[in-house]
Amino acid sequence: MFENLTDKLERSFKILKGEGRITEINVAETLKEIRRALIDADVNYKVAKTFTDEVKQKALGQDVLKAVKPGQMMTKIVRDSLAELMGGTASDIRLDGTPAVVLIAGLQGSGKTTFSGKLASFIKSRKGRQVLLVAGDIYRPAAIDQLKVLGSQIGVEVYTEEGNRNPVEIAENAIRYARQKAFNVVIVDTAGRLAVDEAMMQEITAIKAAVKPSETLFVVDAMTGQDAVNTAREFNDRLDFDGVVLTKLDGDTRGGAAISIRSVVDKPLKFISNGEKMDALQVFHPERMADRILG
Ligand code: GDP
């Protein structure tokens with residue numbers, strides 16, 4: 001991803017590097033190029049504009065015009081600013097409580113169930129905790145089966161209540177079960193719809209109120225570009241989630257959604273998912289993502 005953005009930025013920096021003397025016009029042109037590249041990479045227009053305005057202030061403040069290597073200096077300013085825009089430092093998942101409850105929310109098809117499995121595996125292997133997965137998508141029997149298959153692959157028990165049509169009750173029962181069986185992390189996968197609707201929002205809000213998660217993660221498909229930003233905003237307004245999971249970054253996406261979502265909802269990106277396999281999960285590192293953007 002981001003190939004286009006990287007190429008364009010490199011080209012702009014080359015322009016700067018090639019100049020014997022850098023003028024304010026060169027800087028302005030480079031900034032315009034950066035803004036265009038960000039917009040092409042699906043970054044929201046306002047976000048891109050604010051970003052380049054800030055970069056300009058920093059560049060002028062650091063006297064890029066007089067620097068020996070203005071291109072390098074600009075690259076550093078852009079890289080640092082991009083990382084800052086995406087949160088600065090990596091943000092860990094909070095696992096408080098006995099058991100700690102993690103609630104997974106998002107639209108259908110965003111990759112919630114797959115991510116729930118990956119997260120369970122991650123917490124089990126990296127943090128050495130006893131994890132219970134809860135199948136809370138009562139509307140799609142296939143989702144319950146999918147979670148059971150994933151659970152057996154990674155050696156994590158999956159709590160289900162076939163026939164119970166009340167996801168709030170299922171989640172509450174699962175937590176009770178977890179306490180009895182000494183599980184210390186409970187991951188609740190929930191139902192999604194194809195678009196945000198009132199019934200879904202009421203359901204997930206009710207589950208959140210009942211289980212009091214220490215972490216609510218919003219899962220979003222990076223391939224959906226600008227829609228990802230709108231969905232994030234709607235979920236955040238209702239659910240006040242703690243972090244974002246960006247999925248399908250292995251696909252043909254430039255991933256500008258990472259930048260826009262962070263700026264629009266002001267919640268940290270915590271994980272990126274880049275494949276269907278259970279180990280295709282990475283903790284989100286803003287600096288690494290910025291390096292990747294710049295190439
Ligand atoms: P849910 O409806 O939100 O639970 O979504 P699923 O977890 O069922 O995922 C929907 C589809 O996307 C499935 O075919 C998954 O295998 C696939 N998927 C999930 N995460 C990723 C990812 O990071 N990369 C790719 N390429 N596919 C993914």
# chains A, B, ... in the order shown; residues from 1 in each chain; ligands from 1
>>> residues_around(residues="Gly256 of chain A", least_positions_apart="6", cutoff="9 Å", atoms="only C-alpha atoms", output="ChimeraX atom specification")
/A:2,38-44,222,225-226
>>> closest_atom_pairs(of="segment 69-101 of chain A", to="segment 171-175 of chain A", cutoff="12 Å", atoms="only C-alpha atoms", output="JSON lines")
{"residue": "A:Gly97", "atom": "CA", "partner": "A:Ile175", "partner_atom": "CA", "distance": 11.1}
{"residue": "A:Thr98", "atom": "CA", "partner": "A:Ile175", "partner_atom": "CA", "distance": 9.1}
{"residue": "A:Pro99", "atom": "CA", "partner": "A:Ile175", "partner_atom": "CA", "distance": 7.2}
{"residue": "A:Ala100", "atom": "CA", "partner": "A:Ile175", "partner_atom": "CA", "distance": 9.3}
{"residue": "A:Val101", "atom": "CA", "partner": "A:Ile175", "partner_atom": "CA", "distance": 8.2}
>>> write_last_selection(atoms="N, CA, C and O atoms", output="mmCIF file, in the first residue's frame")
data_model
loop_
_atom_site.group_PDB
_atom_site.id
_atom_site.type_symbol
_atom_site.label_atom_id
_atom_site.label_comp_id
_atom_site.auth_asym_id
_atom_site.auth_seq_id
_atom_site.Cartn_x
_atom_site.Cartn_y
_atom_site.Cartn_z
ATOM 1 N N GLY A 97 -9.518 -5.960 34.951
ATOM 2 C CA GLY A 97 -10.705 -6.629 35.463
ATOM 3 C C GLY A 97 -10.527 -8.131 35.487
ATOM 4 O O GLY A 97 -9.648 -8.680 34.833
ATOM 5 N N THR A 98 -11.389 -8.810 36.282
ATOM 6 C CA THR A 98 -11.354 -10.275 36.332
ATOM 7 C C THR A 98 -12.722 -10.810 35.965
ATOM 8 O O THR A 98 -13.588 -10.772 36.804
ATOM 9 N N PRO A 99 -12.895 -11.261 34.796
ATOM 10 C CA PRO A 99 -11.947 -11.221 33.691
ATOM 11 C C PRO A 99 -11.928 -9.853 33.016
ATOM 12 O O PRO A 99 -12.872 -9.077 33.186
ATOM 13 N N ALA A 100 -10.862 -9.588 32.259
ATOM 14 C CA ALA A 100 -10.844 -8.389 31.413
ATOM 15 C C ALA A 100 -11.722 -8.702 30.203
ATOM 16 O O ALA A 100 -11.632 -9.782 29.636
ATOM 17 N N VAL A 101 -12.603 -7.759 29.863
ATOM 18 C CA VAL A 101 -13.508 -7.998 28.733
ATOM 19 C C VAL A 101 -13.123 -7.094 27.563
ATOM 20 O O VAL A 101 -12.903 -5.901 27.730
#
>>> residues_around(residues="Gly88 of chain A", least_positions_apart="5", cutoff="7 Å", atoms="only C-alpha atoms", output="list of chain:residue names")
A:Ala83, A:Pro286, A:Glu287
>>> write_last_selection(atoms="C-alpha atoms", output="CSV table (one decimal), in the first residue's frame")
chain,number,residue,atom,x,y,z
A,83,ALA,CA,3.7,9.6,12.8
A,286,PRO,CA,2.7,5.0,13.9
A,287,GLU,CA,6.4,5.5,13.3
>>> residues_near_ligand(ligand="ligand 1", cutoff="6 Å", atoms="only C-alpha atoms and all ligand atoms", output="ChimeraX atom specification")
/A:107-114,247-248,250-251,273-276
>>> write_last_selection(atoms="N, CA, C and O atoms", output="tab-separated table (two decimals), in the first residue's frame")
chain	number	residue	atom	x	y	z
A	107	LEU	N	-18.94	-3.27	11.25
A	107	LEU	CA	-19.92	-3.71	10.26
A	107	LEU	C	-19.68	-5.17	9.88
A	107	LEU	O	-18.57	-5.68	10.03
A	108	GLN	N	-20.71	-5.79	9.35
A	108	GLN	CA	-20.58	-7.16	8.85
A	108	GLN	C	-19.57	-7.20	7.70
A	108	GLN	O	-19.59	-6.32	6.84
A	109	GLY	N	-18.69	-8.17	7.75
A	109	GLY	CA	-17.71	-8.30	6.67
A	109	GLY	C	-16.44	-7.50	6.90
A	109	GLY	O	-15.50	-7.58	6.11
A	110	SER	N	-16.41	-6.71	7.99
A	110	SER	CA	-15.23	-5.88	8.24
A	110	SER	C	-14.04	-6.74	8.68
A	110	SER	O	-12.89	-6.31	8.54
A	111	GLY	N	-14.34	-7.92	9.20
A	111	GLY	CA	-13.26	-8.80	9.64
A	111	GLY	C	-13.26	-8.99	11.16
A	111	GLY	O	-12.24	-9.39	11.73
A	112	LYS	N	-14.41	-8.75	11.79
A	112	LYS	CA	-14.52	-8.87	13.25
A	112	LYS	C	-14.20	-10.26	13.76
A	112	LYS	O	-13.42	-10.42	14.69
A	113	THR	N	-14.87	-11.26	13.16
A	113	THR	CA	-14.70	-12.61	13.67
A	113	THR	C	-13.27	-13.09	13.47
A	113	THR	O	-12.67	-13.67	14.39
A	114	THR	N	-12.72	-12.82	12.30
A	114	THR	CA	-11.32	-13.18	12.03
A	114	THR	C	-10.41	-12.50	13.04
A	114	THR	O	-9.53	-13.13	13.64
A	247	THR	N	-8.41	-3.52	9.04
A	247	THR	CA	-8.21	-4.84	8.44
A	247	THR	C	-7.98	-4.75	6.94
A	247	THR	O	-8.21	-3.70	6.32
A	248	LYS	N	-7.56	-5.86	6.39
A	248	LYS	CA	-7.38	-6.04	4.94
A	248	LYS	C	-6.33	-5.10	4.36
A	248	LYS	O	-6.43	-4.66	3.23
A	250	ASP	N	-3.57	-6.05	3.57
A	250	ASP	CA	-2.81	-6.83	2.58
A	250	ASP	C	-3.43	-6.63	1.20
A	250	ASP	O	-2.84	-7.00	0.20
A	251	GLY	N	-4.61	-6.07	1.15
A	251	GLY	CA	-5.31	-5.90	-0.12
A	251	GLY	C	-4.78	-4.71	-0.90
A	251	GLY	O	-3.79	-4.09	-0.53
A	273	SER	N	-4.61	-5.69	10.56
A	273	SER	CA	-4.79	-7.06	10.12
A	273	SER	C	-4.43	-7.12	8.65
A	273	SER	O	-4.91	-6.30	7.86
A	274	ASN	N	-3.55	-8.07	8.30
A	274	ASN	CA	-3.10	-8.09	6.91
A	274	ASN	C	-3.11	-9.49	6.32
A	274	ASN	O	-2.13	-9.93	5.75
A	275	GLY	N	-4.23	-10.17	6.49
A	275	GLY	CA	-4.36	-11.49	5.90
A	275	GLY	C	-5.42	-12.29	6.62
A	275	GLY	O	-5.94	-11.86	7.65
A	276	GLU	N	-5.73	-13.46	6.05
A	276	GLU	CA	-6.79	-14.27	6.64
A	276	GLU	C	-6.27	-15.25	7.69
A	276	GLU	O	-7.03	-15.78	8.48
>>> closest_residue(among="A:Val134, A:Ala191, A:Val265, A:Met200", to="Ala178 of chain A", atoms="only C-alpha atoms")
A:Val134
>>> select_by_dssp(residues="segment 183-289 of chain A", states="strand (DSSP E)", output="list of chain:residue names")
A:Val185, A:Val186, A:Ile187, A:Val188, A:Asp189, A:Thr190, A:Glu215, A:Thr216, A:Leu217, A:Phe218, A:Val219, A:Val220, A:Asp221, A:Gly243, A:Val244, A:Val245, A:Leu246, A:Thr247, A:Leu269, A:Lys270, A:Phe271, A:Ile272, A:Ser273, A:Leu281, A:Gln282, A:Val283
